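Engineer: Just passing along the structure, written as C-alpha cells.
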Amino acid sequence: NVLITVSEIEKNIQFDIEDNGPGIPMEQRLNVFDKFYQIHQSKKNNVGGSGLGLSICKKIIDLHKGQIAVEESIWCGAKFIIQIPLN
C-alpha cells in the first residue's frame, strides 16, 4: 500500500509518500539517493532495477530548489518527504 499526502507548509508544497514495504535500514538511508546504489534487500526479493530512480528524483527536486528526505513510515515501510518552494 502507498499513501500520498500533499500539503502546504511555510511557503513550500510538501509531498509525503509512505508505503508498508520492507523499509530502508537506517544505515543505508544516506546512500539511497546515490547513483546506482541499491539496497541489499531488493536483491533477495529478485526486484530488478538500476539504482537510478531515487538519484533522478533527487536531481529533479534539487533543480526546483527543493529537498527530499527518507525516514521510517508509521506502517514500518519507508516514508519520503519532498518539499518544493511555491515561488
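Convention: chains lettered A, B, ... in C-alpha cells order; per-chain residue numbering from 1; ligands numbered from 1 as shown.
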When DSSP works through the backbone of this structure, what residues of segment 37-87 of chain A end up as strand (DSSP E), shown as a compact mmCIF listing (two decimals) with N, CA, C and O atoms, in the first residue's frame?
Structural biologist:
```
# COMPACT_ATOMS: atom_id res chain seq x y z
N GLN A 67 13.89 19.83 -1.45
CA GLN A 67 14.61 18.87 -0.62
C GLN A 67 13.84 17.56 -0.58
O GLN A 67 12.62 17.55 -0.68
N ILE A 68 14.58 16.47 -0.42
CA ILE A 68 13.96 15.16 -0.24
C ILE A 68 14.68 14.46 0.91
O ILE A 68 15.89 14.59 1.07
N ALA A 69 13.90 13.76 1.71
CA ALA A 69 14.45 13.01 2.83
C ALA A 69 13.69 11.69 2.94
O ALA A 69 12.58 11.55 2.43
N VAL A 70 14.30 10.74 3.63
CA VAL A 70 13.66 9.45 3.84
C VAL A 70 13.71 9.12 5.33
O VAL A 70 14.67 9.43 6.01
N GLU A 71 12.63 8.52 5.81
CA GLU A 71 12.57 8.07 7.20
C GLU A 71 11.66 6.86 7.26
O GLU A 71 11.09 6.44 6.25
N GLU A 72 11.52 6.30 8.44
CA GLU A 72 10.66 5.14 8.60
C GLU A 72 9.20 5.58 8.59
O GLU A 72 8.84 6.58 9.20
N ALA A 78 8.81 2.66 4.24
CA ALA A 78 9.61 3.87 4.04
C ALA A 78 8.68 5.07 3.85
O ALA A 78 7.56 4.93 3.37
N LYS A 79 9.17 6.23 4.24
CA LYS A 79 8.44 7.48 4.04
C LYS A 79 9.41 8.48 3.41
O LYS A 79 10.48 8.75 3.97
N PHE A 80 9.04 8.98 2.23
CA PHE A 80 9.82 10.01 1.57
C PHE A 80 9.09 11.33 1.74
O PHE A 80 7.89 11.41 1.52
N ILE A 81 9.84 12.35 2.14
CA ILE A 81 9.29 13.69 2.35
C ILE A 81 9.95 14.61 1.34
O ILE A 81 11.18 14.75 1.34
N ILE A 82 9.14 15.21 0.50
CA ILE A 82 9.64 16.12 -0.53
C ILE A 82 9.04 17.49 -0.27
O ILE A 82 7.83 17.63 -0.11
N GLN A 83 9.90 18.51 -0.25
CA GLN A 83 9.44 19.89 -0.12
C GLN A 83 9.99 20.70 -1.29
O GLN A 83 11.18 20.62 -1.57
N ILE A 84 9.10 21.45 -1.95
CA ILE A 84 9.48 22.30 -3.06
C ILE A 84 8.89 23.69 -2.81
O ILE A 84 7.70 23.80 -2.48
N PRO A 85 9.71 24.75 -2.94
CA PRO A 85 9.19 26.10 -2.73
C PRO A 85 8.06 26.43 -3.70
O PRO A 85 8.10 26.04 -4.88
```
Engineer: May I ask for the distance between atom CA of Ser55 of chain A and atom CA of Phe33 of chain A, given in Å to one decimal place?
Structural biologist: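 Spanning atom CA of Ser55 of chain A to atom CA of Phe33 of chain A is a straight-line distance of 4.6 Å.
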Engineer: May I have a table of the residues of segment 14-75 of chain A lying at most 7 Å from segment 1-7 of chain A, giving each one's closest pair of atoms and their distance in Å to one decimal, counting only C-alpha atoms, ordered by chain and ascending residue number, as a Markdown table?
Structural biologist:
```
| residue | atom | partner | partner_atom | distance |
| --- | --- | --- | --- | --- |
| A:Gln14 | CA | A:Ser7 | CA | 5.2 |
| A:Phe15 | CA | A:Val6 | CA | 4.7 |
| A:Asp16 | CA | A:Thr5 | CA | 5.1 |
| A:Ile17 | CA | A:Ile4 | CA | 4.6 |
| A:Glu18 | CA | A:Leu3 | CA | 5.1 |
| A:Asp19 | CA | A:Val2 | CA | 4.4 |
| A:Asn20 | CA | A:Asn1 | CA | 5.9 |
```
Engineer: Next, dump the selected residues to file, keeping only all heavy atoms, as a PDB file, in the first residue's frame.
Structural biologist:
```pdb
ATOM      1  N   GLN A  14       4.528  20.257   0.197  1.00  0.00           N
ATOM      2  CA  GLN A  14       5.157  19.055   0.749  1.00  0.00           C
ATOM      3  C   GLN A  14       4.393  17.823   0.306  1.00  0.00           C
ATOM      4  O   GLN A  14       3.176  17.771   0.386  1.00  0.00           O
ATOM      5  CB  GLN A  14       5.213  19.105   2.273  1.00  0.00           C
ATOM      6  CG  GLN A  14       5.847  17.862   2.870  1.00  0.00           C
ATOM      7  CD  GLN A  14       6.203  18.019   4.324  1.00  0.00           C
ATOM      8  OE1 GLN A  14       6.849  18.981   4.706  1.00  0.00           O
ATOM      9  NE2 GLN A  14       5.774  17.073   5.149  1.00  0.00           N
ATOM     10  N   PHE A  15       5.149  16.846  -0.157  1.00  0.00           N
ATOM     11  CA  PHE A  15       4.612  15.540  -0.533  1.00  0.00           C
ATOM     12  C   PHE A  15       5.162  14.526   0.450  1.00  0.00           C
ATOM     13  O   PHE A  15       6.377  14.421   0.617  1.00  0.00           O
ATOM     14  CB  PHE A  15       5.050  15.145  -1.949  1.00  0.00           C
ATOM     15  CG  PHE A  15       4.648  16.116  -3.013  1.00  0.00           C
ATOM     16  CD1 PHE A  15       5.456  17.200  -3.333  1.00  0.00           C
ATOM     17  CD2 PHE A  15       3.462  15.948  -3.708  1.00  0.00           C
ATOM     18  CE1 PHE A  15       5.100  18.093  -4.322  1.00  0.00           C
ATOM     19  CE2 PHE A  15       3.096  16.838  -4.704  1.00  0.00           C
ATOM     20  CZ  PHE A  15       3.914  17.921  -5.016  1.00  0.00           C
ATOM     21  N   ASP A  16       4.301  13.794   1.108  1.00  0.00           N
ATOM     22  CA  ASP A  16       4.699  12.677   1.961  1.00  0.00           C
ATOM     23  C   ASP A  16       4.256  11.409   1.250  1.00  0.00           C
ATOM     24  O   ASP A  16       3.065  11.235   0.969  1.00  0.00           O
ATOM     25  CB  ASP A  16       4.033  12.750   3.336  1.00  0.00           C
ATOM     26  CG  ASP A  16       4.474  13.948   4.150  1.00  0.00           C
ATOM     27  OD1 ASP A  16       5.596  14.451   3.911  1.00  0.00           O
ATOM     28  OD2 ASP A  16       3.717  14.373   5.028  1.00  0.00           O
ATOM     29  N   ILE A  17       5.197  10.549   0.949  1.00  0.00           N
ATOM     30  CA  ILE A  17       4.902   9.305   0.250  1.00  0.00           C
ATOM     31  C   ILE A  17       5.337   8.163   1.157  1.00  0.00           C
ATOM     32  O   ILE A  17       6.522   8.020   1.452  1.00  0.00           O
ATOM     33  CB  ILE A  17       5.629   9.240  -1.104  1.00  0.00           C
ATOM     34  CG1 ILE A  17       5.206  10.437  -1.956  1.00  0.00           C
ATOM     35  CG2 ILE A  17       5.323   7.933  -1.840  1.00  0.00           C
ATOM     36  CD1 ILE A  17       6.317  11.138  -2.616  1.00  0.00           C
ATOM     37  N   GLU A  18       4.367   7.373   1.620  1.00  0.00           N
ATOM     38  CA  GLU A  18       4.637   6.287   2.569  1.00  0.00           C
ATOM     39  C   GLU A  18       4.195   4.954   1.992  1.00  0.00           C
ATOM     40  O   GLU A  18       3.199   4.888   1.274  1.00  0.00           O
ATOM     41  CB  GLU A  18       3.873   6.496   3.870  1.00  0.00           C
ATOM     42  CG  GLU A  18       4.255   7.731   4.637  1.00  0.00           C
ATOM     43  CD  GLU A  18       3.517   7.805   5.955  1.00  0.00           C
ATOM     44  OE1 GLU A  18       3.813   6.985   6.847  1.00  0.00           O
ATOM     45  OE2 GLU A  18       2.639   8.675   6.077  1.00  0.00           O
ATOM     46  N   ASP A  19       4.926   3.912   2.356  1.00  0.00           N
ATOM     47  CA  ASP A  19       4.491   2.571   1.980  1.00  0.00           C
ATOM     48  C   ASP A  19       4.645   1.629   3.164  1.00  0.00           C
ATOM     49  O   ASP A  19       5.161   2.015   4.202  1.00  0.00           O
ATOM     50  CB  ASP A  19       5.252   2.049   0.749  1.00  0.00           C
ATOM     51  CG  ASP A  19       6.726   1.795   1.016  1.00  0.00           C
ATOM     52  OD1 ASP A  19       7.114   1.584   2.182  1.00  0.00           O
ATOM     53  OD2 ASP A  19       7.499   1.788   0.051  1.00  0.00           O
ATOM     54  N   ASN A  20       4.155   0.429   2.992  1.00  0.00           N
ATOM     55  CA  ASN A  20       4.276  -0.570   4.061  1.00  0.00           C
ATOM     56  C   ASN A  20       5.176  -1.723   3.624  1.00  0.00           C
ATOM     57  O   ASN A  20       5.007  -2.854   4.037  1.00  0.00           O
ATOM     58  CB  ASN A  20       2.905  -1.078   4.499  1.00  0.00           C
ATOM     59  CG  ASN A  20       2.152  -1.782   3.389  1.00  0.00           C
ATOM     60  OD1 ASN A  20       2.502  -1.674   2.219  1.00  0.00           O
ATOM     61  ND2 ASN A  20       1.112  -2.509   3.745  1.00  0.00           N
TER      62      ASN A  20
END
```
Engineer: As a list in words, list the residues of chain A assigned to alpha helix (DSSP H) by DSSP on the backbone atoms of this structure.
Structural biologist: His40, Gln41, Ser42, Lys43, Lys44, Gly53, Leu54, Ser55, Ile56, Cys57, Lys58, Lys59, Ile60, Ile61, Asp62 and Leu63 of chain A
Engineer: Put those residues in a file: all heavy atoms, as a CSV table (one decimal), in the first residue's frame.
Structural biologist:
```
chain,number,residue,atom,x,y,z
A,40,HIS,N,20.4,-3.8,-0.4
A,40,HIS,CA,20.6,-5.3,-0.5
A,40,HIS,C,19.4,-6.1,-0.4
A,40,HIS,O,19.3,-7.2,-1.0
A,40,HIS,CB,21.6,-5.7,0.6
A,40,HIS,CG,23.0,-5.0,0.4
A,40,HIS,ND1,23.8,-5.2,-0.7
A,40,HIS,CD2,23.6,-4.1,1.1
A,40,HIS,CE1,24.8,-4.5,-0.6
A,40,HIS,NE2,24.8,-3.8,0.5
A,41,GLN,N,18.3,-5.6,0.3
A,41,GLN,CA,17.1,-6.4,0.5
A,41,GLN,C,16.4,-6.6,-0.9
A,41,GLN,O,15.8,-7.6,-1.1
A,41,GLN,CB,16.1,-5.6,1.3
A,41,GLN,CG,16.4,-5.5,2.8
A,41,GLN,CD,15.4,-4.7,3.5
A,41,GLN,OE1,14.6,-4.0,3.0
A,41,GLN,NE2,15.5,-4.7,4.8
A,42,SER,N,16.5,-5.7,-1.8
A,42,SER,CA,15.9,-5.8,-3.1
A,42,SER,C,16.4,-7.0,-3.9
A,42,SER,O,15.7,-7.6,-4.7
A,42,SER,CB,15.9,-4.5,-3.9
A,42,SER,OG,17.3,-4.2,-4.2
A,43,LYS,N,17.7,-7.3,-3.7
A,43,LYS,CA,18.3,-8.4,-4.4
A,43,LYS,C,17.7,-9.8,-3.9
A,43,LYS,O,17.5,-10.7,-4.7
A,43,LYS,CB,19.8,-8.5,-4.1
A,43,LYS,CG,20.5,-7.3,-4.6
A,43,LYS,CD,21.3,-7.6,-5.8
A,43,LYS,CE,22.1,-6.3,-6.2
A,43,LYS,NZ,22.1,-6.1,-7.6
A,44,LYS,N,17.3,-9.8,-2.6
A,44,LYS,CA,16.7,-11.1,-2.1
A,44,LYS,C,15.3,-11.3,-2.7
A,44,LYS,O,14.9,-12.4,-2.9
A,44,LYS,CB,16.5,-10.9,-0.5
A,44,LYS,CG,17.8,-11.0,0.3
A,44,LYS,CD,17.4,-10.9,1.7
A,44,LYS,CE,18.6,-10.5,2.6
A,44,LYS,NZ,18.2,-10.3,3.9
A,53,GLY,N,16.6,5.5,-10.0
A,53,GLY,CA,15.3,6.1,-9.7
A,53,GLY,C,15.4,7.2,-8.7
A,53,GLY,O,15.0,8.4,-9.0
A,54,LEU,N,15.9,7.0,-7.5
A,54,LEU,CA,15.9,8.0,-6.4
A,54,LEU,C,16.9,9.0,-6.7
A,54,LEU,O,16.8,10.2,-6.4
A,54,LEU,CB,16.1,7.3,-5.1
A,54,LEU,CG,15.0,6.5,-4.5
A,54,LEU,CD1,15.4,5.8,-3.3
A,54,LEU,CD2,13.8,7.4,-4.3
A,55,SER,N,18.0,8.7,-7.4
A,55,SER,CA,19.0,9.6,-7.8
A,55,SER,C,18.4,10.7,-8.8
A,55,SER,O,18.6,11.9,-8.7
A,55,SER,CB,20.2,8.9,-8.5
A,55,SER,OG,21.1,9.8,-9.0
A,56,ILE,N,17.6,10.2,-9.8
A,56,ILE,CA,17.0,11.1,-10.7
A,56,ILE,C,16.0,12.0,-10.0
A,56,ILE,O,15.9,13.2,-10.3
A,56,ILE,CB,16.4,10.3,-11.9
A,56,ILE,CG1,17.5,9.6,-12.7
A,56,ILE,CG2,15.4,11.1,-12.7
A,56,ILE,CD1,17.0,8.6,-13.7
A,57,CYS,N,15.2,11.4,-9.1
A,57,CYS,CA,14.2,12.1,-8.4
A,57,CYS,C,14.9,13.3,-7.6
A,57,CYS,O,14.4,14.4,-7.6
A,57,CYS,CB,13.4,11.3,-7.4
A,57,CYS,SG,12.3,10.1,-8.1
A,58,LYS,N,16.0,13.0,-6.9
A,58,LYS,CA,16.7,14.0,-6.1
A,58,LYS,C,17.2,15.1,-7.0
A,58,LYS,O,17.1,16.3,-6.7
A,58,LYS,CB,17.8,13.4,-5.3
A,58,LYS,CG,18.5,14.4,-4.5
A,58,LYS,CD,19.5,13.8,-3.5
A,58,LYS,CE,20.2,14.8,-2.6
A,58,LYS,NZ,20.0,16.2,-2.8
A,59,LYS,N,17.7,14.7,-8.2
A,59,LYS,CA,18.2,15.8,-9.1
A,59,LYS,C,17.1,16.7,-9.6
A,59,LYS,O,17.3,17.9,-9.6
A,59,LYS,CB,18.9,15.1,-10.3
A,59,LYS,CG,19.5,16.0,-11.3
A,59,LYS,CD,20.7,16.7,-10.7
A,59,LYS,CE,21.4,17.6,-11.7
A,59,LYS,NZ,22.5,18.4,-11.1
A,60,ILE,N,16.0,16.1,-9.9
A,60,ILE,CA,14.8,17.0,-10.3
A,60,ILE,C,14.4,17.9,-9.2
A,60,ILE,O,14.1,19.1,-9.4
A,60,ILE,CB,13.7,16.1,-10.8
A,60,ILE,CG1,14.1,15.4,-12.1
A,60,ILE,CG2,12.4,16.9,-11.0
A,60,ILE,CD1,13.1,14.3,-12.6
A,61,ILE,N,14.3,17.3,-8.0
A,61,ILE,CA,13.9,18.1,-6.8
A,61,ILE,C,14.9,19.2,-6.5
A,61,ILE,O,14.6,20.4,-6.3
A,61,ILE,CB,13.7,17.2,-5.6
A,61,ILE,CG1,12.5,16.3,-5.9
A,61,ILE,CG2,13.5,18.0,-4.3
A,61,ILE,CD1,12.3,15.1,-5.0
A,62,ASP,N,16.2,18.9,-6.7
A,62,ASP,CA,17.3,19.9,-6.5
A,62,ASP,C,17.1,21.0,-7.5
A,62,ASP,O,17.3,22.2,-7.2
A,62,ASP,CB,18.7,19.3,-6.6
A,62,ASP,CG,19.1,18.4,-5.5
A,62,ASP,OD1,18.4,18.5,-4.4
A,62,ASP,OD2,20.0,17.6,-5.6
A,63,LEU,N,16.8,20.7,-8.7
A,63,LEU,CA,16.7,21.7,-9.8
A,63,LEU,C,15.5,22.7,-9.5
A,63,LEU,O,15.5,23.8,-9.9
A,63,LEU,CB,16.4,21.1,-11.2
A,63,LEU,CG,17.7,20.4,-11.7
A,63,LEU,CD1,17.3,19.6,-13.0
A,63,LEU,CD2,18.8,21.4,-12.1
```
Engineer: What's the separation between atom CA of Trp75 of chain A and atom CA of Pro22 of chain A, in Å to one decimal place?
Structural biologist: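 Straight-line distance from atom CA of Trp75 of chain A to atom CA of Pro22 of chain A works out to 9.9 Å.
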Engineer: Between atom CA of Leu86 of chain A and atom CA of Ile13 of chain A, what distance in Å does the model show, to one decimal?
Structural biologist: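 So the answer is 6.2 Å.
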